[in-house]
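A.B. asks: Please find one structure pasted underneath; my questions will follow.
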Amino acid sequence: MKALAKSRKKNLKKFGLRFDEKTAFEVFSAVGEWWREKRGFYAKLVPPHLFYLPEELKDDAKRRCEWLFFMAIPMRGGINSDDAFRFMRELFSCYPEMFDPCLVQNKTAEELAEAVRDTASRVHNGGSKGAKKAGTMSFKLEEHMGAWIENAKRLVKFWRGDIRNVFKDVKDFEEAFARADYERSEAGFLGMRRKIFSLLTLWLQDFRDIHQFPMPLIVDFHTIRMLLQHRIALASYSRLGPNDTENPLRFRPESLWEYPAVRLKDKFVDTIIMWSQDFLKRKKLVPYDVAHGLWYLSRTLCASYQGNRSKDKRLEGRRTITEFLVDAEELARGIGWPKNYRDPCRFCPVERTCKVAIPSGPYFDWGVMAKAGRHVRYPFRQKRFEGVSWRTMPGSFRSSKHRHVVWTNVNGNGHERKEEISFQYDLGLSGGT
Ligand code: SF4
């Protein structure tokens with residue numbers, strides 16, 4: 001135990017990472033509770049693994065686990081989870097054999113790639129535009145298909161074709177990950193790093209397909225943005241500076257060089273994951289609720305906050321790269337707020353502790369979290385009636401960012417959406433250790 005604590009301290013020191021646990025408790029408790037109780041803007045949100053689950057898998061645990069297993073691997077940084085889920089649902093409906101490890105292990109990478117291209121042509125209106133014609137899966141398609149087959153083989157060979165066997169009798173997430181980590185075990189899975197494996201574990205726990213045990217947060221861009229904005233993760237920032245690339249379209253503009261930034265390396269992410277498992281357990285917080293509370297807050301509200309916006313360079317009408325960030329000092333002087341600004345922060349349950357703006361552009365372009373400046377409260381915020389706060393209004397903020405939302409006043413396909421949410425409640429989700 002002592003050795004573990006010592007190595008954790010060493011890790012934190014090495015990456016210049018410390019944690020403000022007092023603020024962490026305040027923020028995690030609030031967002032976890034609001035998510036669980038579906039308060040304020042959380043009221044109509046449904047997690048994508050529930051929203052996009054194919055109908056026939058609702059009552060078939062084994063096949064559901066297979067779908068989730070292959071679903072998890074493409075969830076790398078930068079991918080839009082809605083697009084990935086929508087794509088995989090369509091792929092499953094046309095090529096269900098791709099999700100059966102016993103069948104897929106005998107296929108070739110080209111056969112899988114053909115199925116992916118065919119699916120992309122239907123999912124994307126007018127066909128997939130990229131050179132590989134594989135839509136969401138275009139990035140490293142061949143490599144990805146090879147890993148898909150290899151992982152199917154390993155699942156059959158070492159785990160009797162059932163991902164649930166990886167979790168048999170584990171005491172916590174780290175023990176399970178040691179079995180699935182290809183760097184430490186020949187029975188591990190390609191592409192399955194801590195972040196992706198924690199996502200898969202969360203889904204499986206949510207469906208009650210595996211038992212509950214201590215879990216970390218799902219540490220992706222959104223979670224890290226929340227930890228930095230609230231100064232929960234006290235990272236060492238350094239000057240962003242120029243980047244090293246031969247592609248002139250990817251040159252980092254000089255206008256960004258002086259911003260303080262943190263580079264997101266695997267060790268940085270792993271350190272947060274390990275700290276969060278320990279912290280959530282010590283403070284008796286429910287990882288499922290906290291993870292969803294943080295993720296949706298960043299993705300829905302923070303994404304629309306003016307200080308987190310950026311101006312992009314464009315070439316022939318298409319976005320190429322981030323060029324300018326919003327100047328916080330101008331915002332503080334009342335300059336630069338758009339007309340009809342929707343002021344998302346008025347719906348935020350933790351506005352009090354939000355101190356810093358972290359836009360998404362530099363992360364998606366170069367994998368760095370750049371600090372744009374201090375957080376500025378909208379100076380022209382409208383007043384509410386006495387005794388009623390903006391943030392308690394149910395379903396108060398609508399975002400175009402995600403489609404897994406249940407709007408009870410929609411018609412047409414609204415029926416399907418209502419069913420999805422009742423399914424969520426039937427399962428009695430949101431529990432956890
Ligand atoms: S105050 Fe605004 S930017 Fe800060 S966490 Fe809340 S919603 Fe996000």
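Lettering and numbering for the structure tokens are positional, with chains as A, B, ... in the shown order, residues counted from 1 in each chain, and ligands counted from 1 in the shown order.
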So which bits of range 119-318 of chain A end up helix (DSSP H, G or I) when you DSSP the backbone, as a ChimeraX atom specification?
C.D. replies: /A:119-123,135-137,141-159,163-167,173-180,194-206,221-229,248-250,254-256,266-282,287-304,306-308
A.B. asks: If you count only C-alpha atoms, which residues fall within 12 Å of range 110-112 of chain A, apart from same-chain ones fewer than 3 positions away, as an NGL selection string?
C.D. replies: :A and (91 or 95-99 or 103-107 or 115-119 or 134 or 137 or 141-149)
A.B. asks: I want to know what sits within 10 Å of range 366-377 of chain A, based on only C-alpha atoms, with residues of the same chain fewer than 6 positions away left out; could you give that as a ChimeraX atom specification?
C.D. replies: /A:77-78,221,224-225,228-230,237-240,243,250,252,256,258-265,305-310,321-322,324-334,343,345-346,351-360
A.B. asks: Arg282 in chain A: which residues within 12 Å, counting only C-alpha atoms, same-chain residues fewer than 6 positions away excluded, as a PDB file with C-alpha atoms, in the first residue's frame?
C.D. replies:
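Written output follows (part_35.pdb):
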```pdb
ATOM      1  CA  GLU A  21      -9.360  17.886  -3.782  1.00  0.00           C
ATOM      2  CA  PHE A  25     -15.305  17.333  -4.142  1.00  0.00           C
ATOM      3  CA  PRO A 214     -14.276   1.038  -8.010  1.00  0.00           C
ATOM      4  CA  MET A 215     -13.982   2.959 -11.265  1.00  0.00           C
ATOM      5  CA  PRO A 216     -12.111   6.063 -12.417  1.00  0.00           C
ATOM      6  CA  TRP A 275      -6.022   9.639  -9.081  1.00  0.00           C
ATOM      7  CA  SER A 276      -9.750   9.753  -9.905  1.00  0.00           C
ATOM      8  CA  THR A 433     -19.704   1.998  -6.543  1.00  0.00           C
TER       9      THR A 433
END
```
A.B. asks: So how far away is CA of Arg208 in chain A from CA of Ala43 in chain A, in Å?
C.D. replies: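 Value for the CA of Ala43 in chain A-CA of Arg208 in chain A distance: 23.1 Å.
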A.B. asks: Within 12 Å of Ala178 in chain A, counting only C-alpha atoms, which residues qualify if same-chain residues fewer than 2 places away don't, as a count of residues only?
C.D. replies: 24
A.B. asks: Could you check the closest approach to ligand 1 for each of A:Phe347, A:Lys153, A:Arg160, A:Phe213 and tell me which residue wins, using only C-alpha atoms and all ligand atoms?
C.D. replies: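 Selected residue with least distance to ligand 1: A:Phe347.
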A.B. asks: So what do you get for CA of Pro344 in chain A versus CA of Leu50 in chain A, distance-wise?
C.D. replies: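 One can read the CA of Pro344 in chain A to CA of Leu50 in chain A distance as 25.6 Å.
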A.B. asks: May I ask for the distance between CA of Arg314 in chain A and CA of Ser81 in chain A, given in Å to one decimal place?
C.D. replies: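 Straight-line distance from CA of Arg314 in chain A to CA of Ser81 in chain A works out to 24.7 Å.
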A.B. asks: Measuring atom to atom with only C-alpha atoms and all ligand atoms, identify which of A:Thr108, A:Asn165, A:Thr223, A:Gln205 is nearest to ligand 1.
C.D. replies: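 Checking each of A:Thr108, A:Asn165, A:Thr223, A:Gln205 against ligand 1, counting only C-alpha atoms and all ligand atoms, the winner is A:Thr223.
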A.B. asks: Can you pull out the residues contacting Leu234 in chain A? Cut-off 9 Å, using only C-alpha atoms, and skip same-chain residues under 5 positions away; I want them as number ranges by chain.
C.D. replies: A: 16-20, 227-228
A.B. asks: Which residue is closest to ligand 1? Choose from A:Leu315, A:Leu297, A:Ala120, A:Leu57 and count only C-alpha atoms and all ligand atoms.
C.D. replies: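 Ranking A:Leu315, A:Leu297, A:Ala120, A:Leu57 by distance to ligand 1, first place goes to A:Leu297.
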A.B. asks: Between A:Gly40, A:Cys348, A:Glu90, A:Ala72, which one has atoms that come closest to Leu200 in chain A, using only C-alpha atoms?
C.D. replies: A:Ala72
A.B. asks: Which residue gives the smallest distance to Thr320 in chain A among A:Val388, A:Val286, A:Leu249, A:Leu280, with only C-alpha atoms counted?
C.D. replies: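 Using only C-alpha atoms, the shortest distance to Thr320 in chain A belongs to A:Leu249.
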A.B. asks: Measuring atom to atom with only C-alpha atoms, identify which of A:Leu301, A:Ile335, A:Leu204, A:Leu285 is nearest to Arg36 in chain A.
C.D. replies: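 Looking at the shortest contact to Arg36 in chain A, the residue is A:Leu285.
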A.B. asks: List every residue of range 294-387 of chain A that DSSP, applied to the backbone of this structure, assigns to strand (DSSP E), and report them as a PyMOL selection string.
C.D. replies: chain A and resi 310-315+318-325+356-357+368-370+373-374
A.B. asks: Restricted to N, CA and C atoms, what would the selected residues look like written as a PDB file, in the first residue's frame?
C.D. replies:
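This is the output file result-v8.pdb:
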```
ATOM      1  N   SER A 310     -13.136  29.733 -30.867  1.00  0.00           N
ATOM      2  CA  SER A 310     -11.922  30.135 -31.586  1.00  0.00           C
ATOM      3  C   SER A 310     -12.297  30.475 -33.022  1.00  0.00           C
ATOM      4  N   LYS A 311     -11.394  31.202 -33.660  1.00  0.00           N
ATOM      5  CA  LYS A 311     -11.642  31.540 -35.063  1.00  0.00           C
ATOM      6  C   LYS A 311     -10.729  30.646 -35.898  1.00  0.00           C
ATOM      7  N   ASP A 312     -11.284  30.038 -36.928  1.00  0.00           N
ATOM      8  CA  ASP A 312     -10.510  29.075 -37.719  1.00  0.00           C
ATOM      9  C   ASP A 312     -10.016  29.677 -39.027  1.00  0.00           C
ATOM     10  N   LYS A 313      -8.908  29.126 -39.508  1.00  0.00           N
ATOM     11  CA  LYS A 313      -8.436  29.454 -40.857  1.00  0.00           C
ATOM     12  C   LYS A 313      -9.271  28.629 -41.822  1.00  0.00           C
ATOM     13  N   ARG A 314      -9.560  29.186 -42.987  1.00  0.00           N
ATOM     14  CA  ARG A 314     -10.364  28.427 -43.950  1.00  0.00           C
ATOM     15  C   ARG A 314      -9.682  28.416 -45.312  1.00  0.00           C
ATOM     16  N   LEU A 315      -9.854  27.306 -46.008  1.00  0.00           N
ATOM     17  CA  LEU A 315      -9.298  27.198 -47.353  1.00  0.00           C
ATOM     18  C   LEU A 315     -10.392  26.616 -48.251  1.00  0.00           C
ATOM     19  N   ARG A 318     -13.417  25.440 -46.492  1.00  0.00           N
ATOM     20  CA  ARG A 318     -13.339  24.387 -45.466  1.00  0.00           C
ATOM     21  C   ARG A 318     -12.392  24.783 -44.354  1.00  0.00           C
ATOM     22  N   ARG A 319     -12.734  24.386 -43.125  1.00  0.00           N
ATOM     23  CA  ARG A 319     -11.885  24.683 -41.980  1.00  0.00           C
ATOM     24  C   ARG A 319     -10.550  23.936 -42.110  1.00  0.00           C
ATOM     25  N   THR A 320      -9.462  24.623 -41.803  1.00  0.00           N
ATOM     26  CA  THR A 320      -8.179  23.916 -41.803  1.00  0.00           C
ATOM     27  C   THR A 320      -7.617  23.823 -40.392  1.00  0.00           C
ATOM     28  N   ILE A 321      -7.550  24.964 -39.679  1.00  0.00           N
ATOM     29  CA  ILE A 321      -6.853  24.964 -38.396  1.00  0.00           C
ATOM     30  C   ILE A 321      -7.293  26.157 -37.542  1.00  0.00           C
ATOM     31  N   THR A 322      -7.071  26.070 -36.230  1.00  0.00           N
ATOM     32  CA  THR A 322      -7.418  27.185 -35.336  1.00  0.00           C
ATOM     33  C   THR A 322      -6.457  28.351 -35.571  1.00  0.00           C
ATOM     34  N   GLU A 323      -7.008  29.574 -35.661  1.00  0.00           N
ATOM     35  CA  GLU A 323      -6.121  30.718 -35.905  1.00  0.00           C
ATOM     36  C   GLU A 323      -6.084  31.704 -34.737  1.00  0.00           C
ATOM     37  N   PHE A 324      -7.254  32.013 -34.159  1.00  0.00           N
ATOM     38  CA  PHE A 324      -7.305  32.960 -33.035  1.00  0.00           C
ATOM     39  C   PHE A 324      -8.181  32.415 -31.924  1.00  0.00           C
ATOM     40  N   LEU A 325      -7.818  32.722 -30.681  1.00  0.00           N
ATOM     41  CA  LEU A 325      -8.691  32.423 -29.549  1.00  0.00           C
ATOM     42  C   LEU A 325      -9.362  33.726 -29.125  1.00  0.00           C
ATOM     43  N   VAL A 356     -11.090  29.377 -15.618  1.00  0.00           N
ATOM     44  CA  VAL A 356     -10.203  29.438 -16.787  1.00  0.00           C
ATOM     45  C   VAL A 356     -10.964  28.995 -18.044  1.00  0.00           C
ATOM     46  N   ALA A 357     -10.621  29.581 -19.196  1.00  0.00           N
ATOM     47  CA  ALA A 357     -11.241  29.153 -20.470  1.00  0.00           C
ATOM     48  C   ALA A 357     -10.302  28.213 -21.223  1.00  0.00           C
ATOM     49  N   VAL A 368      -3.337  19.591 -27.620  1.00  0.00           N
ATOM     50  CA  VAL A 368      -2.921  20.382 -26.453  1.00  0.00           C
ATOM     51  C   VAL A 368      -4.126  21.108 -25.852  1.00  0.00           C
ATOM     52  N   MET A 369      -4.051  21.316 -24.534  1.00  0.00           N
ATOM     53  CA  MET A 369      -5.081  22.095 -23.853  1.00  0.00           C
ATOM     54  C   MET A 369      -4.494  23.493 -23.665  1.00  0.00           C
ATOM     55  N   ALA A 370      -4.999  24.459 -24.428  1.00  0.00           N
ATOM     56  CA  ALA A 370      -4.462  25.822 -24.329  1.00  0.00           C
ATOM     57  C   ALA A 370      -5.369  26.665 -23.440  1.00  0.00           C
ATOM     58  N   GLY A 373      -7.520  32.210 -21.362  1.00  0.00           N
ATOM     59  CA  GLY A 373      -7.574  33.349 -20.431  1.00  0.00           C
ATOM     60  C   GLY A 373      -8.473  32.999 -19.266  1.00  0.00           C
ATOM     61  N   ARG A 374      -8.826  34.042 -18.467  1.00  0.00           N
ATOM     62  CA  ARG A 374      -9.693  33.755 -17.325  1.00  0.00           C
ATOM     63  C   ARG A 374     -11.134  33.582 -17.787  1.00  0.00           C
TER      64      ARG A 374
END
```
A.B. asks: Could you list, as a ChimeraX atom specification, every residue within 10 Å of Arg39 in chain A, counting only C-alpha atoms and ignoring same-chain residues fewer than 2 positions away?
C.D. replies: /A:31,33-37,41-44,349,391-396
